[in-house]
file structure-v4.cif (mmCIF, C-alpha atoms)
data_start
#
loop_
_atom_site.label_atom_id
_atom_site.label_comp_id
_atom_site.auth_asym_id
_atom_site.auth_seq_id
_atom_site.Cartn_x
_atom_site.Cartn_y
_atom_site.Cartn_z
CA MET A 1 99.75 -6.45 165.65
CA ALA A 2 96.81 -6.30 163.25
CA GLU A 3 95.68 -2.85 164.45
CA ALA A 4 99.14 -1.37 163.88
CA THR A 5 99.33 -2.88 160.40
CA HIS A 6 95.90 -1.42 159.64
CA ALA A 7 96.98 2.02 160.89
CA THR A 8 100.11 1.93 158.72
CA ARG A 9 97.99 1.03 155.68
CA VAL A 10 95.52 3.87 156.34
CA LEU A 11 98.35 6.39 156.75
CA ALA A 12 99.81 5.34 153.39
CA LEU A 13 96.35 5.58 151.81
CA GLN A 14 95.78 9.09 153.14
CA ARG A 15 99.24 10.29 152.20
CA ALA A 16 98.82 9.00 148.65
CA ALA A 17 95.44 10.76 148.37
CA GLN A 18 96.94 14.01 149.65
CA ARG A 19 99.73 13.90 147.11
CA ARG A 20 97.40 12.93 144.30
CA GLU A 21 94.70 15.53 144.97
CA GLY A 22 96.78 18.37 146.44
CA ALA A 23 95.37 21.11 148.64
CA PRO A 24 91.55 20.89 148.74
CA SER A 25 89.50 23.83 147.55
CA LEU A 26 87.43 26.09 149.79
CA ARG A 27 84.29 24.26 148.65
CA ILE A 28 85.67 20.86 149.63
CA ARG A 29 86.85 22.10 153.02
CA ARG A 30 83.46 23.59 153.82
CA GLU A 31 81.72 20.44 152.63
CA ARG A 32 83.88 18.25 154.87
CA LEU A 33 83.13 20.48 157.83
CA LYS A 34 79.43 20.26 157.03
CA GLN A 35 79.66 16.47 156.89
CA LEU A 36 81.25 16.53 160.34
CA ALA A 37 78.51 18.78 161.73
CA ASP A 38 75.80 16.58 160.24
CA MET A 39 77.40 13.54 161.84
CA VAL A 40 77.54 15.18 165.28
CA ARG A 41 73.88 16.18 165.04
CA ALA A 42 72.72 12.79 163.78
CA LYS A 43 74.73 10.77 166.31
CA GLY A 44 74.55 13.14 169.26
CA ASP A 45 72.16 11.06 171.34
CA GLU A 46 74.02 7.85 170.59
CA PHE A 47 77.34 9.45 171.51
CA ALA A 48 75.87 10.69 174.80
CA LYS A 49 74.50 7.24 175.67
CA ALA A 50 77.79 5.52 174.83
CA ILE A 51 79.77 8.00 176.91
CA SER A 52 77.36 7.56 179.82
CA ALA A 53 77.78 3.79 179.60
CA ASP A 54 81.58 4.09 179.54
CA PHE A 55 81.53 6.40 182.58
CA GLY A 56 79.09 4.19 184.47
CA ASN A 57 76.59 7.07 184.25
CA ARG A 58 77.24 10.57 183.04
CA SER A 59 74.60 13.18 182.36
CA GLN A 60 73.63 13.16 178.69
CA PHE A 61 72.82 16.84 179.08
CA GLU A 62 76.45 17.46 180.04
CA THR A 63 77.63 15.70 176.90
CA ALA A 64 75.19 17.66 174.74
CA LEU A 65 76.14 21.00 176.30
CA LEU A 66 79.90 20.66 176.78
CA GLU A 67 80.74 18.39 173.88
CA SER A 68 78.24 18.42 171.00
CA MET A 69 77.30 22.10 171.25
CA VAL A 70 80.92 23.18 171.64
CA LEU A 71 81.83 21.16 168.55
CA LEU A 72 79.00 22.53 166.44
CA SER A 73 79.94 26.08 167.41
CA ALA A 74 83.56 25.47 166.39
CA ILE A 75 82.46 24.01 163.06
CA ARG A 76 80.19 26.98 162.31
CA TYR A 77 83.04 29.38 163.05
CA ALA A 78 85.53 27.43 160.92
CA ARG A 79 83.17 27.22 157.94
CA LYS A 80 82.64 30.98 158.13
CA GLN A 81 86.32 31.90 158.51
CA VAL A 82 88.16 29.29 156.44
CA GLY A 83 88.02 31.38 153.27
CA TRP A 84 89.90 34.14 155.03
CA TRP A 85 92.38 31.70 156.57
CA MET A 86 93.26 30.42 153.11
CA GLN A 87 94.18 33.86 151.77
CA PRO A 88 97.90 34.61 151.27
CA SER A 89 99.36 36.83 153.98
CA PRO A 90 101.31 39.79 152.49
CA ARG A 91 104.78 40.72 153.74
CA ASP A 92 106.78 43.94 153.45
CA VAL A 93 109.51 44.05 150.80
CA ASP A 94 112.70 46.02 151.25
CA PHE A 95 113.02 49.10 149.04
CA ALA A 96 115.91 47.48 147.16
CA PHE A 97 113.55 44.86 145.81
CA TRP A 98 110.70 47.14 144.73
CA PRO A 99 108.42 46.73 142.79
CA GLY A 100 108.59 43.11 143.91
CA SER A 101 106.06 41.66 146.32
CA ALA A 102 106.11 38.89 148.90
CA TRP A 103 103.54 36.84 150.75
CA VAL A 104 103.11 33.72 152.83
CA ARG A 105 100.89 31.07 151.26
CA HIS A 106 99.25 28.67 153.69
CA GLU A 107 99.51 25.02 152.62
CA PRO A 108 98.19 21.82 154.22
CA LEU A 109 100.74 19.74 156.14
CA GLY A 110 99.36 16.40 154.94
CA VAL A 111 98.20 13.72 157.38
CA VAL A 112 97.62 14.64 161.03
CA GLY A 113 97.39 12.17 163.90
CA ILE A 114 95.05 12.98 166.79
CA ILE A 115 95.34 11.29 170.19
CA SER A 116 92.43 12.13 172.48
CA PRO A 117 91.75 11.42 176.19
CA TRP A 118 88.81 9.87 178.01
CA ASN A 119 87.33 12.76 180.02
CA TYR A 120 85.53 14.61 177.21
CA PRO A 121 86.01 12.01 174.49
CA LEU A 122 83.78 13.47 171.78
CA GLN A 123 84.87 17.08 172.02
CA LEU A 124 88.57 16.34 172.48
CA ALA A 125 88.65 13.89 169.57
CA LEU A 126 86.76 16.05 167.08
CA SER A 127 87.71 19.64 168.00
CA PRO A 128 91.22 19.12 166.58
CA LEU A 129 89.61 17.51 163.54
CA VAL A 130 87.73 20.74 162.82
CA ASP A 131 91.03 22.59 162.48
CA VAL A 132 92.63 19.72 160.55
CA LEU A 133 89.87 19.72 157.93
CA ALA A 134 89.71 23.52 157.70
CA ALA A 135 93.46 23.55 157.02
CA GLY A 136 93.02 21.06 154.19
CA ASN A 137 94.61 18.06 155.89
CA ARG A 138 93.57 14.45 156.41
CA ALA A 139 93.40 12.80 159.80
CA MET A 140 93.71 9.61 161.80
CA ILE A 141 92.20 9.61 165.28
CA LYS A 142 93.18 7.36 168.20
CA PRO A 143 90.53 7.76 170.95
CA SER A 144 91.10 6.56 174.51
CA GLU A 145 90.79 2.85 175.26
CA GLN A 146 89.13 3.89 178.53
CA THR A 147 85.92 4.77 176.61
CA PRO A 148 85.51 1.62 174.50
CA GLN A 149 81.82 1.94 173.64
CA PHE A 150 82.21 5.54 172.54
CA SER A 151 85.40 4.79 170.62
CA GLU A 152 83.78 2.00 168.60
CA LEU A 153 80.75 4.20 167.89
CA LEU A 154 83.00 7.06 166.76
CA LYS A 155 84.95 4.68 164.52
CA GLN A 156 81.76 3.55 162.79
CA ALA A 157 80.30 7.07 162.55
CA ILE A 158 83.47 8.42 160.94
CA ALA A 159 83.59 5.47 158.52
CA ASP A 160 79.98 6.17 157.53
CA THR A 161 80.74 9.88 157.00
CA PHE A 162 84.18 10.07 155.38
CA GLY A 163 86.25 7.98 153.06
CA GLU A 164 89.09 6.15 154.77
CA ASP A 165 91.53 8.23 152.73
CA THR A 166 90.20 11.41 154.37
CA VAL A 167 89.46 10.64 158.03
CA ALA A 168 89.76 7.36 159.93
CA VAL A 169 89.62 6.15 163.53
CA VAL A 170 91.85 3.41 164.92
CA THR A 171 91.08 1.76 168.25
CA GLY A 172 93.03 -0.39 170.65
CA GLY A 173 94.84 -0.39 173.97
CA PRO A 174 98.16 1.05 175.17
CA ASP A 175 100.18 -1.00 172.66
CA MET A 176 98.18 0.49 169.79
CA ALA A 177 98.56 3.97 171.27
CA ALA A 178 102.33 3.48 171.42
CA ALA A 179 102.44 2.24 167.83
CA PHE A 180 100.26 5.17 166.74
CA THR A 181 102.72 7.73 168.15
CA GLN A 182 105.52 6.21 166.09
CA LEU A 183 103.74 6.52 162.76
CA PRO A 184 105.38 9.15 160.50
CA PHE A 185 102.58 11.73 160.62
CA ASP A 186 103.15 15.20 159.22
CA HIS A 187 101.84 16.54 162.54
CA LEU A 188 100.58 14.95 165.76
CA VAL A 189 97.99 16.47 168.12
CA PHE A 190 98.00 15.09 171.67
CA THR A 191 95.65 16.01 174.51
CA GLY A 192 96.36 14.44 177.89
CA SER A 193 98.56 14.47 180.96
CA THR A 194 102.07 15.93 181.09
CA SER A 195 103.63 12.56 181.95
CA ILE A 196 102.03 10.82 178.97
CA GLY A 197 102.83 13.83 176.81
CA ARG A 198 106.53 13.36 177.54
CA LYS A 199 106.29 9.73 176.43
CA VAL A 200 104.47 10.76 173.26
CA ALA A 201 107.14 13.36 172.49
CA ALA A 202 109.88 10.81 173.01
CA ALA A 203 108.13 8.24 170.82
CA THR A 204 107.55 10.71 167.98
CA ALA A 205 111.22 11.76 168.13
CA GLU A 206 112.28 8.13 167.76
CA GLY A 207 109.75 7.53 164.97
#

call {"tool": "encode", "arguments": {"input": "structure-v4.cif", "output": "structure tokens"}}
result
Amino acid sequence: MAEATHATRVLALQRAAQRREGAPSLRIRRERLKQLADMVRAKGDEFAKAISADFGNRSQFETALLESMVLLSAIRYARKQVGWWMQPSPRDVDFAFWPGSAWVRHEPLGVVGIISPWNYPLQLALSPLVDVLAAGNRAMIKPSEQTPQFSELLKQAIADTFGEDTVAVVTGGPDMAAAFTQLPFDHLVFTGSTSIGRKVAAATAEG
């Protein structure tokens, strides 16, 4: 399957970039979040039209209010807070080890896979991406095949905004979705039904 081969190549590309560049700085994380916000603003109307076409008619106001605005609010919050999130978290040290100190240092996981559903396709694909980028990770997104016009538009918008070694979208049907779940991601985010969630959990365990 060409799509699966492409997804495997992109995962290897992102993992190599993560290892080569290490944890991104606060400046880079904020810049990536800004790029995402700029993309949502610039493509908002196009996203709303594509989603409406996929649904056979859905209010573009609903998409703007419940998807684009929700996303932009999450991005603003993440850009404001990410500096604090990156700070080491101190821990108590037993008296026997004084004057030693201890802390937890928060490190990126690496490459995160995101599987999103059809019902709020923009918000549920990109809200996890906000957290992924704030945490210093890279991401591959598999949007629902039930929103084909939106999914292709998202794929192009992401490609125009980010390097493939940072964020990428892969499209395709159920076979591609199954192959996606078996890729060796460092973490996988799934939003969807319980029944499909069980299949995703089983597939990731086998992968």

call {"tool": "resolve_selection", "arguments": {"input": "structure-v4.cif", "expression": "the PyMOL selection byres ((chain A and resi 13) around 12)", "output": "PyMOL selection string"}}
result
chain A and resi 6-12+14-20+110-111+138-140+163-168

call {"tool": "resolve_selection", "arguments": {"input": "structure-v4.cif", "expression": "the PyMOL selection byres ((chain A and resi 92) around 10)", "output": "VMD selection string"}}
result
chain A and resid 90 to 91 93 to 95 100 to 103

call {"tool": "write_last_selection", "arguments": {"input": "structure-v4.cif", "atoms": "C-alpha atoms", "output": "PDB file, in the frame of the given file"}}
result
ATOM      1  CA  PRO A  90     101.310  39.790 152.490  1.00  0.00           C
ATOM      2  CA  ARG A  91     104.780  40.720 153.740  1.00  0.00           C
ATOM      3  CA  VAL A  93     109.510  44.050 150.800  1.00  0.00           C
ATOM      4  CA  ASP A  94     112.700  46.020 151.250  1.00  0.00           C
ATOM      5  CA  PHE A  95     113.020  49.100 149.040  1.00  0.00           C
ATOM      6  CA  GLY A 100     108.590  43.110 143.910  1.00  0.00           C
ATOM      7  CA  SER A 101     106.060  41.660 146.320  1.00  0.00           C
ATOM      8  CA  ALA A 102     106.110  38.890 148.900  1.00  0.00           C
ATOM      9  CA  TRP A 103     103.540  36.840 150.750  1.00  0.00           C
TER      10      TRP A 103
END

call {"tool": "atom_distance", "arguments": {"input": "structure-v4.cif", "atom1": "CA of Val130 (chain A)", "atom2": "CA of Ile75 (chain A)"}}
result
6.2 Å

call {"tool": "residues_around", "arguments": {"input": "structure-v4.cif", "residues": "Gly136 (chain A)", "least_positions_apart": "3", "cutoff": "9 Å", "atoms": "all atoms listed in the file", "output": "PyMOL selection string"}}
result
chain A and resi 23-26+28-29+107-110+131-133

call {"tool": "residues_around", "arguments": {"input": "structure-v4.cif", "residues": "Ala64 (chain A)", "least_positions_apart": "3", "cutoff": "12 Å", "atoms": "all atoms listed in the file", "output": "PyMOL selection string"}}
result
chain A and resi 40-41+43-49+51-52+58-61+67-72+120+122-123

call {"tool": "atom_distance", "arguments": {"input": "structure-v4.cif", "atom1": "CA of Asn137 (chain A)", "atom2": "CA of Gly172 (chain A)"}}
result
23.7 Å

call {"tool": "resolve_selection", "arguments": {"input": "structure-v4.cif", "expression": "the PyMOL selection byres ((chain A and resi 76) around 10)", "output": "list in words"}}
result
Arg30, Leu33, Lys34, Ala37, Leu71, Leu72, Ser73, Ala74, Ile75, Tyr77, Ala78, Arg79, Lys80, Gln81 and Val130 of chain A

call {"tool": "axis_aligned_box", "arguments": {"input": "structure-v4.cif", "around": "region 26-38 of chain A", "padding_each_side": "4 Å", "output": "lines of an AutoDock Vina configuration file"}}
result
center_x = 81.6
center_y = 21.3
center_z = 155.2
size_x = 19.6
size_y = 17.6
size_z = 21.1

call {"tool": "closest_residue", "arguments": {"input": "structure-v4.cif", "among": "A:Glu21, A:Asp38, A:Glu31, A:Asp54", "to": "Phe150 (chain A)", "atoms": "all atoms listed in the file"}}
result
A:Asp54

call {"tool": "atom_distance", "arguments": {"input": "structure-v4.cif", "atom1": "CA of Ala4 (chain A)", "atom2": "CA of Phe180 (chain A)"}}
result
7.2 Å

call {"tool": "build_atoms", "arguments": {"input": "structure-v4.cif", "residues": "region 62-79 of chain A", "atoms": "N, CA, C and O atoms", "output": "compact mmCIF listing (two decimals), keeping the file's coordinate frame"}}
result
# COMPACT_ATOMS: atom_id res chain seq x y z
N GLU A 62 75.07 16.96 179.99
CA GLU A 62 76.45 17.46 180.04
C GLU A 62 77.16 17.20 178.73
O GLU A 62 77.87 18.08 178.20
N THR A 63 77.00 16.01 178.18
CA THR A 63 77.63 15.70 176.90
C THR A 63 77.10 16.60 175.79
O THR A 63 77.87 17.12 174.97
N ALA A 64 75.79 16.80 175.77
CA ALA A 64 75.19 17.66 174.74
C ALA A 64 75.70 19.09 174.85
O ALA A 64 76.04 19.72 173.85
N LEU A 65 75.77 19.60 176.09
CA LEU A 65 76.14 21.00 176.30
C LEU A 65 77.63 21.24 176.12
O LEU A 65 78.03 22.19 175.43
N LEU A 66 78.46 20.40 176.73
CA LEU A 66 79.90 20.66 176.78
C LEU A 66 80.69 19.94 175.70
O LEU A 66 81.89 20.20 175.56
N GLU A 67 80.03 19.07 174.96
CA GLU A 67 80.74 18.39 173.88
C GLU A 67 80.10 18.69 172.52
O GLU A 67 80.70 19.33 171.67
N SER A 68 78.87 18.24 172.31
CA SER A 68 78.24 18.42 171.00
C SER A 68 78.07 19.89 170.64
O SER A 68 78.42 20.30 169.52
N MET A 69 77.54 20.69 171.57
CA MET A 69 77.30 22.10 171.25
C MET A 69 78.60 22.87 171.03
O MET A 69 78.69 23.74 170.15
N VAL A 70 79.61 22.54 171.82
CA VAL A 70 80.92 23.18 171.64
C VAL A 70 81.49 22.84 170.26
O VAL A 70 82.02 23.71 169.55
N LEU A 71 81.35 21.58 169.87
CA LEU A 71 81.83 21.16 168.55
C LEU A 71 81.11 21.87 167.42
O LEU A 71 81.73 22.37 166.47
N LEU A 72 79.79 21.91 167.51
CA LEU A 72 79.00 22.53 166.44
C LEU A 72 79.31 24.02 166.32
O LEU A 72 79.34 24.57 165.21
N SER A 73 79.55 24.67 167.44
CA SER A 73 79.94 26.08 167.41
C SER A 73 81.28 26.26 166.72
O SER A 73 81.47 27.18 165.90
N ALA A 74 82.24 25.39 167.02
CA ALA A 74 83.56 25.47 166.39
C ALA A 74 83.47 25.23 164.89
O ALA A 74 84.16 25.89 164.10
N ILE A 75 82.62 24.29 164.50
CA ILE A 75 82.46 24.01 163.06
C ILE A 75 81.83 25.19 162.34
O ILE A 75 82.28 25.57 161.24
N ARG A 76 80.81 25.79 162.93
CA ARG A 76 80.19 26.98 162.31
C ARG A 76 81.22 28.08 162.12
O ARG A 76 81.27 28.73 161.05
N TYR A 77 82.02 28.32 163.14
CA TYR A 77 83.04 29.38 163.05
C TYR A 77 84.06 29.06 161.96
O TYR A 77 84.43 29.93 161.16
N ALA A 78 84.52 27.80 161.91
CA ALA A 78 85.53 27.43 160.92
C ALA A 78 84.99 27.55 159.50
O ALA A 78 85.68 28.04 158.60
N ARG A 79 83.75 27.13 159.28
CA ARG A 79 83.17 27.22 157.94
C ARG A 79 83.04 28.69 157.50
O ARG A 79 83.19 29.01 156.32
